[in-house]
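To keep things clear, I will list the structure first and then write my remarks on it.
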Amino acid sequence: MDRAALPNILTVDVEEWFHILEVDGGYTRDDWAGLESRVEANTDALLALFAEAGATATCFVVGWVAQRHPRLVRRIADAGHEVASHSYWHEVVPRHSRASLVQDLAASRKLLEDLSGQRVRGFRAPGGSITHATAWALGAVAETGFAYDASLNPGHSSHGGFATPWLGPHRLRTAGGDLWEIPWTTVGVAGRRLPFAGGGYLRLFPYGVIKTCVGVENRAGRPVNVYVHPREIDPEQPRMALPWKRRFKYYVGLRSTAAKLRALLRDHPFVSAGAWLDAHGARVADQVFDVRALGAAPPEHAPLAPPPPLVA
Ligand SMILES: [Zn+2]
């Protein structure tokens, strides 16, 4: 597979430095509005880096952030990137009832469409928090008009883990209709699937290791799905009082991530998820995973269901 034939997929989860899931010492939703905002400056720095490399990305924007920074959403769209949803409240799926998830998905999609002028096609769940037990959520994603999901992690993480028959982009058959899936990119290590192309993994692993893994995936005919958060290139961000393991996970490698991203974008072609599907989706369209039989029925009342989004 030559470079021109198989670009990789570049994605950003556009959220604040304090949008870290479920940690002691973290902030609650009630604290957010009173905290310093760093998302615009950090996202602009990422956009500049992408422009330098001539790469386009999918920006999965948290609805709460979009509402407070509408001009940022505009700048992302005007620079030629794809705007997609990272939910409104940045809450993990198991805390949602079916009704609250549908409400969150629909509100975030409408808000982002109004602000960007684009049709919003993609969704990524906070923490990649869709598992076989909550596979019902994929039906809600399809039902609310999304064309693709980018939440599933074939390995395991704090909130996710979703074994799939295919490691690259494929189709999902859900109770709400068919969807494209762009899973997390993983590499096989000692019988397990380990992510290497985003978040803490990208910050922790030396560039040489990441480059080798990209080569392995591309030679197997699969694009690598890189994901980064604006806070990950911001060594000056305020530090939260986290337990030491979490502290390491969230703050390791902040000074080297921009340089690694620059190298990745220099050595490999990258496009947005939507552009990848438009150009290359046909080659994987026959890889269909029927998830309708998986997962429990959605809860009617989740005890921690978030409040309705603040948008009309
Ligand atoms: Zn997130």
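Convention: chains lettered A, B, ... in structure tokens order; per-chain residue numbering from 1; ligands numbered from 1 as shown.
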Identify, on the basis of only C-alpha atoms, every residue whose closest approach to Glu40 (chain A) does not exceed 10 Å; exclude the query and any residue fewer than 6 positions from it along the same chain; express the result as a PDB file with C-alpha atoms, in the first residue's frame.
ATOM      1  CA  VAL A  14     -11.558  19.490  21.695  1.00  0.00           C
ATOM      2  CA  GLU A  15     -12.038  19.837  25.448  1.00  0.00           C
ATOM      3  CA  GLU A  16     -10.572  21.785  28.382  1.00  0.00           C
ATOM      4  CA  LEU A  46      -2.724  22.466  17.015  1.00  0.00           C
ATOM      5  CA  VAL A  65     -16.951  24.045  25.007  1.00  0.00           C
ATOM      6  CA  HIS A  69     -16.211  29.347  22.269  1.00  0.00           C
ATOM      7  CA  ARG A  71     -15.623  31.424  17.190  1.00  0.00           C
ATOM      8  CA  LEU A  72     -13.245  28.516  17.804  1.00  0.00           C
ATOM      9  CA  VAL A  73     -15.697  26.135  16.099  1.00  0.00           C
ATOM     10  CA  PRO A 230      -5.452  20.389  23.116  1.00  0.00           C
TER      11      PRO A 230
END
(request) Can you tell me which residues come within 7 Å of ligand 1 when counting only C-alpha atoms and all ligand atoms, ideally as a list in words? (result)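 The residues within 7 Å of ligand 1, counting only C-alpha atoms and all ligand atoms, are Asp13, Glu15, His19, His86, His90, Pro126 and Gly127 of chain A.
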(message) Could you check the closest approach to Tyr88 (chain A) for each of A:Phe196, A:Val311, A:His159, A:Glu143 and tell me which residue wins, using only C-alpha atoms?
(response)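 Closest to Tyr88 (chain A) of all the choices is A:Val311.
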(message) Between A:Ala147, A:Ile210, A:Gly176, A:Ile76, which residue has the minimum interatomic distance to Ala135 (chain A), considering only C-alpha atoms?
(response) A:Gly176
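As for CA of Gln118 (chain A) and CA of Asp78 (chain A), they are spaced 10.2 Å apart.
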(message) Please identify the strand (DSSP E or B) residues within region 183-216 of chain A (assignment by DSSP from backbone atoms) and present them as a PyMOL selection string.
(response) chain A and resi 186-189+192-195+198
(request) Just list the residues in region 172-209 of chain A DSSP gives helix (DSSP H, G or I) on the backbone, as an MDAnalysis selection string. (result) chainID A and resid 199:204 207:209
(message) I'd like the neighbourhood of Ala137 (chain A) as JSON, numbers by chain, where a residue qualifies if any of its atoms comes within 8 Å (using only C-alpha atoms), though same-chain residues fewer than 2 positions away should be ignored.
(response) {"A": [93, 98, 101, 130, 134, 135, 139, 140, 141, 298]}
(request) List the neighbours of Trp17 (chain A) out to 10 Å using only C-alpha atoms; skip same-chain residues closer than 2 positions along the sequence, and give me the result as a PyMOL selection string. (result) chain A and resi 14-15+19-20+35-39+42+229-232+234+237-240+250
Can you write just those residues out, N, CA and C atoms, as an mmCIF file, in the first residue's frame?
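out21.cif, freshly written:
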data_model
loop_
_atom_site.group_PDB
_atom_site.id
_atom_site.type_symbol
_atom_site.label_atom_id
_atom_site.label_comp_id
_atom_site.auth_asym_id
_atom_site.auth_seq_id
_atom_site.Cartn_x
_atom_site.Cartn_y
_atom_site.Cartn_z
ATOM 1 N N VAL A 14 -11.667 18.089 21.283
ATOM 2 C CA VAL A 14 -11.558 19.490 21.695
ATOM 3 C C VAL A 14 -12.291 19.686 23.026
ATOM 4 N N GLU A 15 -11.508 19.703 24.088
ATOM 5 C CA GLU A 15 -12.038 19.837 25.448
ATOM 6 C C GLU A 15 -11.033 20.602 26.287
ATOM 7 N N HIS A 19 -11.259 18.621 31.709
ATOM 8 C CA HIS A 19 -12.222 17.584 31.302
ATOM 9 C C HIS A 19 -11.598 16.197 31.389
ATOM 10 N N ILE A 20 -11.257 15.837 32.596
ATOM 11 C CA ILE A 20 -10.666 14.536 32.881
ATOM 12 C C ILE A 20 -11.724 13.740 33.636
ATOM 13 N N LEU A 35 -13.471 28.053 36.061
ATOM 14 C CA LEU A 35 -12.055 27.701 35.859
ATOM 15 C C LEU A 35 -11.468 28.428 34.642
ATOM 16 N N GLU A 36 -10.157 28.601 34.690
ATOM 17 C CA GLU A 36 -9.451 29.230 33.572
ATOM 18 C C GLU A 36 -9.664 28.418 32.291
ATOM 19 N N SER A 37 -9.924 29.106 31.177
ATOM 20 C CA SER A 37 -10.085 28.409 29.901
ATOM 21 C C SER A 37 -8.788 28.479 29.102
ATOM 22 N N ARG A 38 -8.339 27.318 28.613
ATOM 23 C CA ARG A 38 -7.100 27.266 27.814
ATOM 24 C C ARG A 38 -7.332 26.606 26.466
ATOM 25 N N VAL A 39 -8.592 26.257 26.184
ATOM 26 C CA VAL A 39 -8.871 25.430 25.000
ATOM 27 C C VAL A 39 -8.657 26.186 23.688
ATOM 28 N N ASN A 42 -4.769 26.512 22.943
ATOM 29 C CA ASN A 42 -4.158 25.211 22.652
ATOM 30 C C ASN A 42 -4.660 24.626 21.334
ATOM 31 N N HIS A 229 -5.436 15.639 22.459
ATOM 32 C CA HIS A 229 -6.256 16.643 23.147
ATOM 33 C C HIS A 229 -5.486 17.962 23.169
ATOM 34 N N PRO A 230 -6.163 19.103 23.074
ATOM 35 C CA PRO A 230 -5.452 20.389 23.116
ATOM 36 C C PRO A 230 -4.548 20.507 24.347
ATOM 37 N N ARG A 231 -4.948 19.990 25.499
ATOM 38 C CA ARG A 231 -4.130 20.129 26.723
ATOM 39 C C ARG A 231 -2.802 19.368 26.631
ATOM 40 N N GLU A 232 -2.716 18.427 25.687
ATOM 41 C CA GLU A 232 -1.525 17.573 25.632
ATOM 42 C C GLU A 232 -0.299 18.259 25.041
ATOM 43 N N ASP A 234 0.312 21.450 26.116
ATOM 44 C CA ASP A 234 0.334 22.625 27.001
ATOM 45 C C ASP A 234 1.020 22.307 28.328
ATOM 46 N N GLN A 237 -0.263 24.086 31.697
ATOM 47 C CA GLN A 237 -1.618 23.967 32.249
ATOM 48 C C GLN A 237 -1.590 23.765 33.766
ATOM 49 N N PRO A 238 -2.622 24.236 34.473
ATOM 50 C CA PRO A 238 -2.686 23.995 35.920
ATOM 51 C C PRO A 238 -2.735 22.487 36.188
ATOM 52 N N ARG A 239 -2.110 22.067 37.260
ATOM 53 C CA ARG A 239 -2.111 20.641 37.613
ATOM 54 C C ARG A 239 -3.199 20.374 38.645
ATOM 55 N N MET A 240 -3.934 19.290 38.440
ATOM 56 C CA MET A 240 -4.946 18.891 39.420
ATOM 57 C C MET A 240 -4.312 17.970 40.457
ATOM 58 N N TYR A 250 -1.732 11.661 33.027
ATOM 59 C CA TYR A 250 -2.213 12.882 32.399
ATOM 60 C C TYR A 250 -1.129 13.891 32.099
#
(message) Please list as a list in words every residue within 12 Å of Thr212 (chain A), counting only C-alpha atoms and excluding residues in the same chain fewer than 3 positions away.
(response)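 Close residues of Thr212 (chain A): Val187, Phe196, Ala197, Phe205, Pro206, Tyr207, Gly208, Val209, Gly215, Val216, Glu217, Asn218, Arg219, Val224, Leu264, Asp267 and His268 of chain A.
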(request) Give me the residues within 8 Å of Leu204 (chain A) as a ChimeraX atom specification, counting only C-alpha atoms and dropping any in the same chain fewer than 4 places off. (result) /A:200,252-253
